[in-house]
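Participant: Take a look at the following structure, please.
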Amino acid sequence: MTDRAPYRLHDAIGYQLTITARMQERRFETALKTLNLTRITWCVLLAAGDEGLRHPSDIADFIGIDRTATSRALRLMEDAGLIARGGGENDRRTTRVTLTDQGRAKLDQAVPMAQASRAKTEDQLTSQELAELERLLTKLRAGDDAPLKRL
């Protein structure tokens with residue numbers, strides 16, 4: 001026998017955050033599959049398209065994944081015709097990422113899916129609850145000494 005109190009997994013805030021995030025991810029990933037995209041490829045399209053990021057290291061930082069995962073995603077996306085990679089303007093040793101017309105079209109198709117997924121979650125909360133949740137999540141992230149850099 002032990003004297004410690006039992007740990008109630010389902011009462012833990014970390015567990016509840018994880019389950020909630022997974023539910024949202026699954027919903028969005030299911031929609032993205034209809035476009036043959038993953039969350040990572042969607043994020044790369046968003047980074048290179050809407051955010052105007054051109055360097056793989058900037059894209060990796062924006063998404064929160066390591067350079068190896070970024071290189072792998074870029075290679076697959078280039079093979080699929082979604083992005084083009086070329087040398088930098090002043091330094092040919094650097095890589096410059098741009099969306100192709102096909103990549104832009106996929107991004108344009110995926111944005112309404114992202115908006116619908118976001119709305120489904122946000123519609124469950126009042127505007128005050130949503131503002132409070134955003135404030136609390138920001139506070140939790142700011143207090144973390146070692147934030148995760150992975151999707």
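Each chain in the structure tokens gets a letter, A, B and so on, in the order shown; residues start at 1 in every chain, and ligands are counted from 1 in the order they appear.
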Might you pull out every residue within 12 Å of Asp58 in chain A, with only C-alpha atoms counted and same-chain residues fewer than 2 positions away left off, and present them as a PDB file with all heavy atoms, in the first residue's frame?
Facilitator:
```
ATOM      1  N   VAL A  44       3.173  25.154 -43.830  1.00  0.00           N
ATOM      2  CA  VAL A  44       4.201  25.628 -44.760  1.00  0.00           C
ATOM      3  C   VAL A  44       3.564  26.511 -45.828  1.00  0.00           C
ATOM      4  O   VAL A  44       4.095  27.582 -46.156  1.00  0.00           O
ATOM      5  CB  VAL A  44       4.978  24.457 -45.412  1.00  0.00           C
ATOM      6  CG1 VAL A  44       5.871  24.949 -46.540  1.00  0.00           C
ATOM      7  CG2 VAL A  44       5.789  23.707 -44.358  1.00  0.00           C
ATOM      8  N   ALA A  47       2.847  29.774 -44.192  1.00  0.00           N
ATOM      9  CA  ALA A  47       4.081  30.524 -43.923  1.00  0.00           C
ATOM     10  C   ALA A  47       4.624  31.166 -45.198  1.00  0.00           C
ATOM     11  O   ALA A  47       4.964  32.353 -45.209  1.00  0.00           O
ATOM     12  CB  ALA A  47       5.131  29.601 -43.304  1.00  0.00           C
ATOM     13  N   ALA A  48       4.712  30.374 -46.262  1.00  0.00           N
ATOM     14  CA  ALA A  48       5.281  30.881 -47.514  1.00  0.00           C
ATOM     15  C   ALA A  48       4.306  31.786 -48.264  1.00  0.00           C
ATOM     16  O   ALA A  48       4.730  32.724 -48.938  1.00  0.00           O
ATOM     17  CB  ALA A  48       5.698  29.715 -48.412  1.00  0.00           C
ATOM     18  N   GLU A  51       2.254  34.599 -44.965  1.00  0.00           N
ATOM     19  CA  GLU A  51       3.256  35.258 -44.114  1.00  0.00           C
ATOM     20  C   GLU A  51       4.466  35.763 -44.898  1.00  0.00           C
ATOM     21  O   GLU A  51       5.261  36.535 -44.378  1.00  0.00           O
ATOM     22  CB  GLU A  51       3.722  34.312 -43.007  1.00  0.00           C
ATOM     23  CG  GLU A  51       2.618  33.866 -42.058  1.00  0.00           C
ATOM     24  CD  GLU A  51       2.006  35.007 -41.259  1.00  0.00           C
ATOM     25  OE1 GLU A  51       2.745  35.939 -40.878  1.00  0.00           O
ATOM     26  OE2 GLU A  51       0.783  34.966 -41.013  1.00  0.00           O
ATOM     27  N   GLY A  52       4.620  35.291 -46.137  1.00  0.00           N
ATOM     28  CA  GLY A  52       5.721  35.752 -46.975  1.00  0.00           C
ATOM     29  C   GLY A  52       7.096  35.278 -46.537  1.00  0.00           C
ATOM     30  O   GLY A  52       8.105  35.871 -46.910  1.00  0.00           O
ATOM     31  N   LEU A  53       7.160  34.203 -45.781  1.00  0.00           N
ATOM     32  CA  LEU A  53       8.453  33.674 -45.336  1.00  0.00           C
ATOM     33  C   LEU A  53       9.095  32.898 -46.477  1.00  0.00           C
ATOM     34  O   LEU A  53       8.435  32.088 -47.132  1.00  0.00           O
ATOM     35  CB  LEU A  53       8.274  32.790 -44.100  1.00  0.00           C
ATOM     36  CG  LEU A  53       7.639  33.490 -42.893  1.00  0.00           C
ATOM     37  CD1 LEU A  53       7.414  32.503 -41.758  1.00  0.00           C
ATOM     38  CD2 LEU A  53       8.490  34.667 -42.443  1.00  0.00           C
ATOM     39  N   ARG A  54      10.362  33.119 -46.724  1.00  0.00           N
ATOM     40  CA  ARG A  54      11.037  32.522 -47.870  1.00  0.00           C
ATOM     41  C   ARG A  54      12.147  31.552 -47.503  1.00  0.00           C
ATOM     42  O   ARG A  54      12.521  30.723 -48.316  1.00  0.00           O
ATOM     43  CB  ARG A  54      11.633  33.627 -48.764  1.00  0.00           C
ATOM     44  CG  ARG A  54      10.600  34.564 -49.334  1.00  0.00           C
ATOM     45  CD  ARG A  54       9.763  33.860 -50.396  1.00  0.00           C
ATOM     46  NE  ARG A  54       8.668  34.698 -50.822  1.00  0.00           N
ATOM     47  CZ  ARG A  54       7.384  34.417 -50.601  1.00  0.00           C
ATOM     48  NH1 ARG A  54       7.037  33.331 -49.981  1.00  0.00           N
ATOM     49  NH2 ARG A  54       6.445  35.228 -51.013  1.00  0.00           N
ATOM     50  N   HIS A  55      12.693  31.669 -46.311  1.00  0.00           N
ATOM     51  CA  HIS A  55      13.820  30.818 -45.921  1.00  0.00           C
ATOM     52  C   HIS A  55      13.333  29.651 -45.057  1.00  0.00           C
ATOM     53  O   HIS A  55      12.522  29.849 -44.147  1.00  0.00           O
ATOM     54  CB  HIS A  55      14.870  31.633 -45.168  1.00  0.00           C
ATOM     55  CG  HIS A  55      15.392  32.779 -45.965  1.00  0.00           C
ATOM     56  ND1 HIS A  55      16.219  32.615 -47.057  1.00  0.00           N
ATOM     57  CD2 HIS A  55      15.170  34.119 -45.871  1.00  0.00           C
ATOM     58  CE1 HIS A  55      16.498  33.780 -47.585  1.00  0.00           C
ATOM     59  NE2 HIS A  55      15.868  34.713 -46.895  1.00  0.00           N
ATOM     60  N   PRO A  56      13.832  28.438 -45.333  1.00  0.00           N
ATOM     61  CA  PRO A  56      13.402  27.273 -44.556  1.00  0.00           C
ATOM     62  C   PRO A  56      13.530  27.456 -43.045  1.00  0.00           C
ATOM     63  O   PRO A  56      12.651  27.015 -42.292  1.00  0.00           O
ATOM     64  CB  PRO A  56      14.308  26.151 -45.071  1.00  0.00           C
ATOM     65  CG  PRO A  56      14.602  26.557 -46.481  1.00  0.00           C
ATOM     66  CD  PRO A  56      14.730  28.059 -46.432  1.00  0.00           C
ATOM     67  N   ALA A  60      10.504  27.060 -40.447  1.00  0.00           N
ATOM     68  CA  ALA A  60      10.577  26.133 -39.320  1.00  0.00           C
ATOM     69  C   ALA A  60      10.245  26.844 -38.010  1.00  0.00           C
ATOM     70  O   ALA A  60       9.478  26.334 -37.192  1.00  0.00           O
ATOM     71  CB  ALA A  60      11.966  25.506 -39.240  1.00  0.00           C
ATOM     72  N   ASP A  61      10.810  28.022 -37.811  1.00  0.00           N
ATOM     73  CA  ASP A  61      10.544  28.784 -36.586  1.00  0.00           C
ATOM     74  C   ASP A  61       9.079  29.195 -36.491  1.00  0.00           C
ATOM     75  O   ASP A  61       8.476  29.138 -35.420  1.00  0.00           O
ATOM     76  CB  ASP A  61      11.437  30.024 -36.514  1.00  0.00           C
ATOM     77  CG  ASP A  61      12.894  29.684 -36.271  1.00  0.00           C
ATOM     78  OD1 ASP A  61      13.198  28.553 -35.820  1.00  0.00           O
ATOM     79  OD2 ASP A  61      13.746  30.558 -36.538  1.00  0.00           O
ATOM     80  N   PHE A  62       8.509  29.613 -37.608  1.00  0.00           N
ATOM     81  CA  PHE A  62       7.105  30.032 -37.636  1.00  0.00           C
ATOM     82  C   PHE A  62       6.179  28.880 -37.254  1.00  0.00           C
ATOM     83  O   PHE A  62       5.247  29.046 -36.471  1.00  0.00           O
ATOM     84  CB  PHE A  62       6.745  30.560 -39.031  1.00  0.00           C
ATOM     85  CG  PHE A  62       5.290  30.862 -39.215  1.00  0.00           C
ATOM     86  CD1 PHE A  62       4.728  32.010 -38.675  1.00  0.00           C
ATOM     87  CD2 PHE A  62       4.476  29.996 -39.938  1.00  0.00           C
ATOM     88  CE1 PHE A  62       3.376  32.290 -38.843  1.00  0.00           C
ATOM     89  CE2 PHE A  62       3.128  30.265 -40.116  1.00  0.00           C
ATOM     90  CZ  PHE A  62       2.570  31.411 -39.566  1.00  0.00           C
ATOM     91  N   ILE A  63       6.459  27.701 -37.804  1.00  0.00           N
ATOM     92  CA  ILE A  63       5.613  26.539 -37.552  1.00  0.00           C
ATOM     93  C   ILE A  63       5.882  25.931 -36.183  1.00  0.00           C
ATOM     94  O   ILE A  63       4.982  25.435 -35.519  1.00  0.00           O
ATOM     95  CB  ILE A  63       5.818  25.466 -38.651  1.00  0.00           C
ATOM     96  CG1 ILE A  63       5.414  26.024 -40.003  1.00  0.00           C
ATOM     97  CG2 ILE A  63       5.028  24.204 -38.334  1.00  0.00           C
ATOM     98  CD1 ILE A  63       5.766  25.123 -41.160  1.00  0.00           C
ATOM     99  N   GLY A  64       7.150  25.980 -35.769  1.00  0.00           N
ATOM    100  CA  GLY A  64       7.525  25.362 -34.502  1.00  0.00           C
ATOM    101  C   GLY A  64       7.981  23.930 -34.683  1.00  0.00           C
ATOM    102  O   GLY A  64       7.697  23.067 -33.852  1.00  0.00           O
ATOM    103  N   ILE A  65       8.676  23.657 -35.794  1.00  0.00           N
ATOM    104  CA  ILE A  65       9.237  22.323 -36.036  1.00  0.00           C
ATOM    105  C   ILE A  65      10.726  22.464 -36.298  1.00  0.00           C
ATOM    106  O   ILE A  65      11.211  23.557 -36.596  1.00  0.00           O
ATOM    107  CB  ILE A  65       8.535  21.587 -37.209  1.00  0.00           C
ATOM    108  CG1 ILE A  65       8.662  22.374 -38.517  1.00  0.00           C
ATOM    109  CG2 ILE A  65       7.072  21.316 -36.865  1.00  0.00           C
ATOM    110  CD1 ILE A  65       8.081  21.664 -39.737  1.00  0.00           C
ATOM    111  N   ASP A  66      11.440  21.348 -36.209  1.00  0.00           N
ATOM    112  CA  ASP A  66      12.888  21.420 -36.413  1.00  0.00           C
ATOM    113  C   ASP A  66      13.214  21.495 -37.901  1.00  0.00           C
ATOM    114  O   ASP A  66      12.371  21.284 -38.767  1.00  0.00           O
ATOM    115  CB  ASP A  66      13.606  20.258 -35.720  1.00  0.00           C
ATOM    116  CG  ASP A  66      13.214  18.895 -36.266  1.00  0.00           C
ATOM    117  OD1 ASP A  66      13.054  18.740 -37.485  1.00  0.00           O
ATOM    118  OD2 ASP A  66      13.088  17.959 -35.453  1.00  0.00           O
ATOM    119  N   ARG A  67      14.477  21.796 -38.182  1.00  0.00           N
ATOM    120  CA  ARG A  67      14.925  22.008 -39.564  1.00  0.00           C
ATOM    121  C   ARG A  67      14.810  20.729 -40.402  1.00  0.00           C
ATOM    122  O   ARG A  67      14.512  20.787 -41.594  1.00  0.00           O
ATOM    123  CB  ARG A  67      16.378  22.507 -39.605  1.00  0.00           C
ATOM    124  CG  ARG A  67      16.661  23.756 -38.797  1.00  0.00           C
ATOM    125  CD  ARG A  67      15.903  24.962 -39.307  1.00  0.00           C
ATOM    126  NE  ARG A  67      16.377  26.212 -38.761  1.00  0.00           N
ATOM    127  CZ  ARG A  67      15.881  26.811 -37.688  1.00  0.00           C
ATOM    128  NH1 ARG A  67      14.916  26.244 -37.003  1.00  0.00           N
ATOM    129  NH2 ARG A  67      16.344  27.970 -37.285  1.00  0.00           N
ATOM    130  N   THR A  70      11.289  20.285 -41.452  1.00  0.00           N
ATOM    131  CA  THR A  70      10.990  21.303 -42.461  1.00  0.00           C
ATOM    132  C   THR A  70      11.555  20.896 -43.817  1.00  0.00           C
ATOM    133  O   THR A  70      10.863  20.980 -44.836  1.00  0.00           O
ATOM    134  CB  THR A  70      11.557  22.672 -42.041  1.00  0.00           C
ATOM    135  OG1 THR A  70      11.021  23.020 -40.761  1.00  0.00           O
ATOM    136  CG2 THR A  70      11.206  23.746 -43.052  1.00  0.00           C
ATOM    137  N   SER A  71      12.806  20.451 -43.839  1.00  0.00           N
ATOM    138  CA  SER A  71      13.424  20.016 -45.107  1.00  0.00           C
ATOM    139  C   SER A  71      12.644  18.876 -45.736  1.00  0.00           C
ATOM    140  O   SER A  71      12.418  18.861 -46.952  1.00  0.00           O
ATOM    141  CB  SER A  71      14.870  19.586 -44.867  1.00  0.00           C
ATOM    142  OG  SER A  71      15.652  20.687 -44.499  1.00  0.00           O
ATOM    143  N   THR A  95      18.501  28.910 -49.544  1.00  0.00           N
ATOM    144  CA  THR A  95      17.328  28.395 -50.242  1.00  0.00           C
ATOM    145  C   THR A  95      16.191  29.383 -50.083  1.00  0.00           C
ATOM    146  O   THR A  95      15.950  29.918 -49.000  1.00  0.00           O
ATOM    147  CB  THR A  95      16.909  27.021 -49.655  1.00  0.00           C
ATOM    148  OG1 THR A  95      17.999  26.123 -49.803  1.00  0.00           O
ATOM    149  CG2 THR A  95      15.689  26.474 -50.349  1.00  0.00           C
ATOM    150  N   ARG A  96      15.488  29.597 -51.174  1.00  0.00           N
ATOM    151  CA  ARG A  96      14.338  30.504 -51.189  1.00  0.00           C
ATOM    152  C   ARG A  96      13.113  29.683 -51.586  1.00  0.00           C
ATOM    153  O   ARG A  96      13.116  29.000 -52.604  1.00  0.00           O
ATOM    154  CB  ARG A  96      14.595  31.626 -52.181  1.00  0.00           C
ATOM    155  CG  ARG A  96      13.582  32.713 -52.160  1.00  0.00           C
ATOM    156  CD  ARG A  96      14.114  33.904 -52.971  1.00  0.00           C
ATOM    157  NE  ARG A  96      13.097  34.884 -53.193  1.00  0.00           N
ATOM    158  CZ  ARG A  96      12.716  35.797 -52.299  1.00  0.00           C
ATOM    159  NH1 ARG A  96      13.284  35.833 -51.128  1.00  0.00           N
ATOM    160  NH2 ARG A  96      11.775  36.666 -52.591  1.00  0.00           N
ATOM    161  N   VAL A  97      12.072  29.769 -50.770  1.00  0.00           N
ATOM    162  CA  VAL A  97      10.843  28.996 -50.975  1.00  0.00           C
ATOM    163  C   VAL A  97       9.747  29.913 -51.496  1.00  0.00           C
ATOM    164  O   VAL A  97       9.534  31.003 -50.951  1.00  0.00           O
ATOM    165  CB  VAL A  97      10.374  28.348 -49.652  1.00  0.00           C
ATOM    166  CG1 VAL A  97       9.059  27.600 -49.836  1.00  0.00           C
ATOM    167  CG2 VAL A  97      11.452  27.429 -49.100  1.00  0.00           C
TER     168      VAL A  97
END
```
Participant: Quick one: pick out all strand (DSSP E or B) residues within chain A from a backbone DSSP run and write them as an MDAnalysis selection string.
Facilitator: chainID A and resid 83:87 95:99
Participant: Could the residues in this selection be written to a file with N, CA, C and O atoms, as a CSV table (one decimal), in the first residue's frame?
Facilitator:
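The result, written out as out-v1.csv:
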```csv
chain,number,residue,atom,x,y,z
A,83,ILE,N,5.3,23.9,-54.0
A,83,ILE,CA,6.3,25.0,-53.7
A,83,ILE,C,7.4,24.8,-54.7
A,83,ILE,O,7.6,23.7,-55.3
A,84,ALA,N,8.2,25.9,-54.9
A,84,ALA,CA,9.4,25.8,-55.6
A,84,ALA,C,10.5,26.3,-54.7
A,84,ALA,O,10.3,27.2,-53.9
A,85,ARG,N,11.7,25.7,-54.9
A,85,ARG,CA,12.9,26.1,-54.1
A,85,ARG,C,13.9,26.5,-55.0
A,85,ARG,O,14.2,25.9,-56.1
A,86,GLY,N,14.6,27.6,-54.7
A,86,GLY,CA,15.7,28.1,-55.6
A,86,GLY,C,16.7,28.8,-54.7
A,86,GLY,O,16.5,28.9,-53.5
A,87,GLY,N,17.8,29.2,-55.3
A,87,GLY,CA,18.8,29.9,-54.6
A,87,GLY,C,18.4,31.3,-54.2
A,87,GLY,O,17.5,31.9,-54.8
A,95,THR,N,18.5,28.9,-49.5
A,95,THR,CA,17.3,28.4,-50.2
A,95,THR,C,16.2,29.4,-50.1
A,95,THR,O,15.9,29.9,-49.0
A,96,ARG,N,15.5,29.6,-51.2
A,96,ARG,CA,14.3,30.5,-51.2
A,96,ARG,C,13.1,29.7,-51.6
A,96,ARG,O,13.1,29.0,-52.6
A,97,VAL,N,12.1,29.8,-50.8
A,97,VAL,CA,10.8,29.0,-51.0
A,97,VAL,C,9.7,29.9,-51.5
A,97,VAL,O,9.5,31.0,-51.0
A,98,THR,N,9.1,29.5,-52.5
A,98,THR,CA,7.9,30.2,-53.1
A,98,THR,C,6.8,29.2,-53.4
A,98,THR,O,7.0,28.1,-53.7
A,99,LEU,N,5.6,29.7,-53.3
A,99,LEU,CA,4.4,28.9,-53.7
A,99,LEU,C,4.3,28.9,-55.2
A,99,LEU,O,4.5,29.9,-55.9
```
Participant: Would you pick out the contacts of Arg104 in chain A at 9 Å or less, using only C-alpha atoms, so that residues sharing its chain but fewer than 2 positions from it are not included, and give the list as a ChimeraX atom specification?
Facilitator: /A:45,49,82-83,99-102,106-109
Participant: Just list the residues in range 24-83 of chain A DSSP gives helix (DSSP H, G or I) on the backbone, as a VMD selection string.
Facilitator: chain A and resid 24 to 33 39 to 48 56 to 63 67 to 79
Participant: Env of range 16-33 of chain A: 9 Å cut, atoms = only C-alpha atoms, seq-sep filter 5 positions within chain, self excluded. Answer as a list in words.
Facilitator: Leu9, His10, Asp11, Thr38, Arg39, Trp42, Ala110, Met113, Ala114, Ala116, Ser117, Arg118 and Thr121 of chain A
Participant: Write a file of the selected residues as a PDB file, in the first residue's frame, keeping C-alpha atoms.
Facilitator:
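Saved file part.pdb follows:
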```
ATOM      1  CA  LEU A   9      -5.678  11.877 -14.966  1.00  0.00           C
ATOM      2  CA  HIS A  10      -8.964  13.209 -16.302  1.00  0.00           C
ATOM      3  CA  ASP A  11      -8.913  16.037 -13.744  1.00  0.00           C
ATOM      4  CA  THR A  38      -1.299  17.573 -43.640  1.00  0.00           C
ATOM      5  CA  ARG A  39      -1.126  20.074 -40.804  1.00  0.00           C
ATOM      6  CA  TRP A  42      -0.817  23.495 -44.507  1.00  0.00           C
ATOM      7  CA  ALA A 110      -7.692  25.265 -47.161  1.00  0.00           C
ATOM      8  CA  MET A 113     -11.576  24.879 -43.858  1.00  0.00           C
ATOM      9  CA  ALA A 114      -9.341  26.411 -41.187  1.00  0.00           C
ATOM     10  CA  ALA A 116     -14.699  26.678 -40.260  1.00  0.00           C
ATOM     11  CA  SER A 117     -12.721  24.541 -37.833  1.00  0.00           C
ATOM     12  CA  ARG A 118     -11.827  27.588 -35.763  1.00  0.00           C
ATOM     13  CA  THR A 121     -14.557  25.760 -31.511  1.00  0.00           C
TER      14      THR A 121
END
```
Participant: Which residues, written as a PyMOL selection string, have at least one atom at most 12 Å from Thr68 in chain A, with only C-alpha atoms counted and residues fewer than 6 positions away on the same chain left out?
Facilitator: chain A and resi 56-57+59-60+74-75+150
